[in-house]
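*Asks:* Here it is, the structure, as structure tokens.
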Amino acid sequence: MQCGLEQMNDTERSPNRTNLRVNFNEKGSEVKERREKFLTAKYGSHQMSLIRKRLAVEMWLYDELQKLFDPPTEAIDVDIDEILDMDTDEIRRSHLKRLLSVCKRPQSDISKFISDLLDRAKTL
């Protein structure tokens with residue numbers, strides 16, 4: 001590969017200046033395409049395993065709530081962090097029973113769901 005400078009005369013270097021134009025957008029005109037910006041972060045392997053574990057529990061929770069409330073009648077918000085912040089399993093269990101009181105499924109299904117959720121929450 002060779003690099004070099006080529007000499008040009010003034011007519012070759014500068015284009016015809018009559019064809020040069022600058023376009024400005026008018027005030028209030030919307031930009032049609034906006035570039036989406038994403039923030040990405042690199043986590044260590046231990047942190048990523050914790051994130052994957054948490055995500056797996058949350059996806060399981062979502063799927064099980066879909067099964068319990070089929071067809072969906074009302075949005076139920078079960079906050080895993082709130083459950084983990086409670087002191088004992090009895091408090092957690094009573095809180096979950098209160099949240100799921102509108103569920104029309106048999107009590108045995110609800111109790112099984114609560115037990116499974118508490119078991120999975122302990123792994124986090």
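Just remember, in the structure tokens the first chain shown is A, the second B, etc., residues are 1-based per chain, and ligands are 1-based in the order shown.
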I'd like the contact shell of Leu124 (chain A) - 12 Å cut-off, only C-alpha atoms, skipping same-chain residues fewer than 3 positions apart - returned as a list in words.
*Replies:*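 Using only C-alpha atoms, the neighbours found are Ser49, Leu50, Ile51, Arg52, Lys53, Arg54, Leu55, Ala56, Val57, Glu58, Ile80, Asp81, Ile83, Leu84, Asp85, Leu117, Leu118, Asp119, Arg120 and Ala121 of chain A.
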*Asks:* Go ahead and save the picked residues with N, CA and C atoms, as an mmCIF file, in the first residue's frame.
*Replies:*
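Output file result.cif is given in full below:
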```
data_model
loop_
_atom_site.group_PDB
_atom_site.id
_atom_site.type_symbol
_atom_site.label_atom_id
_atom_site.label_comp_id
_atom_site.auth_asym_id
_atom_site.auth_seq_id
_atom_site.Cartn_x
_atom_site.Cartn_y
_atom_site.Cartn_z
ATOM 1 N N SER A 49 -24.907 -14.392 37.725
ATOM 2 C CA SER A 49 -25.623 -15.583 38.195
ATOM 3 C C SER A 49 -26.747 -15.189 39.145
ATOM 4 N N LEU A 50 -26.511 -14.161 39.970
ATOM 5 C CA LEU A 50 -27.574 -13.681 40.856
ATOM 6 C C LEU A 50 -28.718 -13.054 40.061
ATOM 7 N N ILE A 51 -28.371 -12.329 39.018
ATOM 8 C CA ILE A 51 -29.400 -11.713 38.169
ATOM 9 C C ILE A 51 -30.218 -12.787 37.466
ATOM 10 N N ARG A 52 -29.533 -13.805 36.940
ATOM 11 C CA ARG A 52 -30.247 -14.898 36.254
ATOM 12 C C ARG A 52 -31.157 -15.655 37.216
ATOM 13 N N LYS A 53 -30.678 -15.885 38.441
ATOM 14 C CA LYS A 53 -31.480 -16.592 39.442
ATOM 15 C C LYS A 53 -32.734 -15.779 39.774
ATOM 16 N N ARG A 54 -32.559 -14.479 39.976
ATOM 17 C CA ARG A 54 -33.680 -13.592 40.292
ATOM 18 C C ARG A 54 -34.673 -13.564 39.136
ATOM 19 N N LEU A 55 -34.169 -13.470 37.922
ATOM 20 C CA LEU A 55 -35.029 -13.434 36.748
ATOM 21 C C LEU A 55 -35.810 -14.735 36.595
ATOM 22 N N ALA A 56 -35.171 -15.850 36.880
ATOM 23 C CA ALA A 56 -35.862 -17.143 36.786
ATOM 24 C C ALA A 56 -37.017 -17.212 37.783
ATOM 25 N N VAL A 57 -36.810 -16.717 39.007
ATOM 26 C CA VAL A 57 -37.879 -16.727 40.006
ATOM 27 C C VAL A 57 -39.008 -15.791 39.581
ATOM 28 N N GLU A 58 -38.663 -14.634 39.060
ATOM 29 C CA GLU A 58 -39.699 -13.698 38.638
ATOM 30 C C GLU A 58 -40.495 -14.216 37.449
ATOM 31 N N ILE A 80 -41.445 -9.307 45.177
ATOM 32 C CA ILE A 80 -40.539 -10.261 45.817
ATOM 33 C C ILE A 80 -39.691 -9.570 46.882
ATOM 34 N N ASP A 81 -39.249 -8.349 46.604
ATOM 35 C CA ASP A 81 -38.441 -7.623 47.596
ATOM 36 C C ASP A 81 -39.223 -7.370 48.876
ATOM 37 N N ILE A 83 -41.629 -9.203 50.020
ATOM 38 C CA ILE A 83 -41.758 -10.488 50.707
ATOM 39 C C ILE A 83 -40.460 -10.842 51.434
ATOM 40 N N LEU A 84 -39.333 -10.604 50.777
ATOM 41 C CA LEU A 84 -38.041 -10.919 51.395
ATOM 42 C C LEU A 84 -37.744 -10.030 52.595
ATOM 43 N N ASP A 85 -38.285 -8.819 52.605
ATOM 44 C CA ASP A 85 -38.043 -7.901 53.719
ATOM 45 C C ASP A 85 -38.851 -8.253 54.967
ATOM 46 N N LEU A 117 -43.554 -20.460 46.224
ATOM 47 C CA LEU A 117 -42.976 -19.127 46.135
ATOM 48 C C LEU A 117 -42.044 -18.839 47.289
ATOM 49 N N LEU A 118 -42.455 -19.236 48.500
ATOM 50 C CA LEU A 118 -41.592 -19.004 49.654
ATOM 51 C C LEU A 118 -40.300 -19.816 49.565
ATOM 52 N N ASP A 119 -40.397 -21.032 49.042
ATOM 53 C CA ASP A 119 -39.195 -21.853 48.859
ATOM 54 C C ASP A 119 -38.241 -21.212 47.842
ATOM 55 N N ARG A 120 -38.799 -20.717 46.755
ATOM 56 C CA ARG A 120 -37.960 -20.095 45.735
ATOM 57 C C ARG A 120 -37.390 -18.755 46.213
ATOM 58 N N ALA A 121 -38.172 -18.036 47.001
ATOM 59 C CA ALA A 121 -37.709 -16.740 47.517
ATOM 60 C C ALA A 121 -36.528 -16.923 48.475
#
```
*Asks:* Could you name the residues that touch region 92-99 of chain A at 10 Å or less, counting only C-alpha atoms, but leaving out those on the same chain fewer than 2 positions away, as a JSON list (two decimals) with N, CA and C atoms, in the first residue's frame?
*Replies:*
```json
[["chain", "number", "residue", "atom", "x", "y", "z"],
["A", 76, "ILE", "N", -52.53, -8.46, 39.82],
["A", 76, "ILE", "CA", -52.02, -8.71, 41.16],
["A", 76, "ILE", "C", -50.53, -8.41, 41.13],
["A", 77, "ASP", "N", -50.09, -7.57, 42.04],
["A", 77, "ASP", "CA", -48.68, -7.21, 42.11],
["A", 77, "ASP", "C", -48.05, -7.87, 43.32],
["A", 78, "VAL", "N", -47.25, -8.89, 43.07],
["A", 78, "VAL", "CA", -46.53, -9.59, 44.13],
["A", 78, "VAL", "C", -45.08, -9.11, 44.05],
["A", 79, "ASP", "N", -44.66, -8.36, 45.04],
["A", 79, "ASP", "CA", -43.32, -7.79, 45.08],
["A", 79, "ASP", "C", -42.40, -8.72, 45.86],
["A", 82, "GLU", "N", -40.49, -7.05, 48.72],
["A", 82, "GLU", "CA", -41.33, -6.82, 49.90],
["A", 82, "GLU", "C", -41.48, -8.10, 50.71],
["A", 83, "ILE", "N", -41.63, -9.20, 50.02],
["A", 83, "ILE", "CA", -41.76, -10.49, 50.71],
["A", 83, "ILE", "C", -40.46, -10.84, 51.43],
["A", 84, "LEU", "N", -39.33, -10.60, 50.78],
["A", 84, "LEU", "CA", -38.04, -10.92, 51.40],
["A", 84, "LEU", "C", -37.74, -10.03, 52.59],
["A", 85, "ASP", "N", -38.28, -8.82, 52.60],
["A", 85, "ASP", "CA", -38.04, -7.90, 53.72],
["A", 85, "ASP", "C", -38.85, -8.25, 54.97],
["A", 86, "MET", "N", -39.85, -9.10, 54.83],
["A", 86, "MET", "CA", -40.66, -9.49, 55.98],
["A", 86, "MET", "C", -39.86, -10.43, 56.87],
["A", 87, "ASP", "N", -40.19, -10.40, 58.17],
["A", 87, "ASP", "CA", -39.36, -11.11, 59.16],
["A", 87, "ASP", "C", -39.53, -12.62, 59.14],
["A", 88, "THR", "N", -40.76, -13.09, 59.13],
["A", 88, "THR", "CA", -40.97, -14.54, 59.26],
["A", 88, "THR", "C", -41.79, -15.08, 58.10],
["A", 89, "ASP", "N", -41.78, -16.41, 57.97],
["A", 89, "ASP", "CA", -42.58, -17.05, 56.93],
["A", 89, "ASP", "C", -44.07, -16.89, 57.19],
["A", 90, "GLU", "N", -44.47, -16.85, 58.45],
["A", 90, "GLU", "CA", -45.89, -16.69, 58.75],
["A", 90, "GLU", "C", -46.41, -15.33, 58.28],
["A", 101, "SER", "N", -56.50, -13.31, 47.88],
["A", 101, "SER", "CA", -57.86, -13.59, 48.36],
["A", 101, "SER", "C", -58.90, -13.48, 47.26],
["A", 102, "VAL", "N", -58.61, -12.75, 46.19],
["A", 102, "VAL", "CA", -59.57, -12.61, 45.09],
["A", 102, "VAL", "C", -59.48, -13.76, 44.09],
["A", 103, "CYS", "N", -58.53, -14.65, 44.28],
["A", 103, "CYS", "CA", -58.34, -15.77, 43.36],
["A", 103, "CYS", "C", -59.48, -16.77, 43.53],
["A", 107, "GLN", "N", -58.38, -23.62, 47.33],
["A", 107, "GLN", "CA", -57.43, -23.22, 48.37],
["A", 107, "GLN", "C", -56.16, -24.06, 48.33],
["A", 110, "ILE", "N", -53.79, -22.51, 45.82],
["A", 110, "ILE", "CA", -53.22, -21.26, 46.34],
["A", 110, "ILE", "C", -52.15, -21.57, 47.39],
["A", 111, "SER", "N", -52.43, -22.53, 48.26],
["A", 111, "SER", "CA", -51.45, -22.90, 49.29],
["A", 111, "SER", "C", -50.18, -23.48, 48.68],
["A", 113, "PHE", "N", -49.02, -22.80, 45.68],
["A", 113, "PHE", "CA", -48.33, -21.67, 45.06],
["A", 113, "PHE", "C", -47.54, -20.87, 46.10],
["A", 114, "ILE", "N", -48.17, -20.60, 47.24],
["A", 114, "ILE", "CA", -47.51, -19.82, 48.29],
["A", 114, "ILE", "C", -46.29, -20.56, 48.83],
["A", 115, "SER", "N", -46.45, -21.87, 49.06],
["A", 115, "SER", "CA", -45.31, -22.66, 49.56],
["A", 115, "SER", "C", -44.16, -22.67, 48.55],
["A", 117, "LEU", "N", -43.55, -20.46, 46.22],
["A", 117, "LEU", "CA", -42.98, -19.13, 46.14],
["A", 117, "LEU", "C", -42.04, -18.84, 47.29],
["A", 118, "LEU", "N", -42.45, -19.24, 48.50],
["A", 118, "LEU", "CA", -41.59, -19.00, 49.65],
["A", 118, "LEU", "C", -40.30, -19.82, 49.57]]
```
*Asks:* Let me make sure I understand: among A:Ser45, A:Lys122, A:Asp116, A:Leu65, which one has the smallest atom-to-atom distance to Leu100 (chain A) if we use only C-alpha atoms?
*Replies:* A:Leu65
*Asks:* Report the residues of region 22-99 of chain A whose backbone DSSP state falls under helix (DSSP H, G or I), written as a PyMOL selection string.
*Replies:* chain A and resi 45-68+80-85+89-99
*Asks:* Save out the residues we just selected, C-alpha atoms, as a compact mmCIF listing (two decimals), in the first residue's frame.
*Replies:*
```txt
# COMPACT_ATOMS: atom_id res chain seq x y z
CA SER A 45 -19.94 -13.74 36.65
CA HIS A 46 -21.17 -13.89 40.26
CA GLN A 47 -23.42 -10.86 39.78
CA MET A 48 -24.76 -12.28 36.51
CA SER A 49 -25.62 -15.58 38.20
CA LEU A 50 -27.57 -13.68 40.86
CA ILE A 51 -29.40 -11.71 38.17
CA ARG A 52 -30.25 -14.90 36.25
CA LYS A 53 -31.48 -16.59 39.44
CA ARG A 54 -33.68 -13.59 40.29
CA LEU A 55 -35.03 -13.43 36.75
CA ALA A 56 -35.86 -17.14 36.79
CA VAL A 57 -37.88 -16.73 40.01
CA GLU A 58 -39.70 -13.70 38.64
CA MET A 59 -40.56 -15.48 35.38
CA TRP A 60 -41.80 -18.48 37.34
CA LEU A 61 -43.91 -16.13 39.49
CA TYR A 62 -45.39 -14.49 36.41
CA ASP A 63 -46.26 -17.85 34.82
CA GLU A 64 -47.83 -19.20 37.99
CA LEU A 65 -49.92 -16.08 38.49
CA GLN A 66 -51.14 -16.47 34.91
CA LYS A 67 -52.21 -20.02 35.74
CA LEU A 68 -53.93 -19.00 38.98
CA ILE A 80 -40.54 -10.26 45.82
CA ASP A 81 -38.44 -7.62 47.60
CA GLU A 82 -41.33 -6.82 49.90
CA ILE A 83 -41.76 -10.49 50.71
CA LEU A 84 -38.04 -10.92 51.40
CA ASP A 85 -38.04 -7.90 53.72
CA ASP A 89 -42.58 -17.05 56.93
CA GLU A 90 -45.89 -16.69 58.75
CA ILE A 91 -46.00 -12.97 58.00
CA ARG A 92 -45.06 -13.67 54.37
CA ARG A 93 -47.69 -16.40 54.10
CA SER A 94 -50.47 -14.20 55.54
CA HIS A 95 -49.46 -11.32 53.25
CA LEU A 96 -49.62 -13.58 50.20
CA LYS A 97 -52.98 -15.03 51.27
CA ARG A 98 -54.31 -11.48 51.59
CA LEU A 99 -53.05 -10.62 48.08
```
*Asks:* Of the candidates A:Phe69, A:Thr123, A:Gly44, A:Phe38, which shows the shortest atom-to-atom distance to Lys104 (chain A), using only C-alpha atoms?
*Replies:*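 Smallest distance to Lys104 (chain A) is found for A:Phe69.
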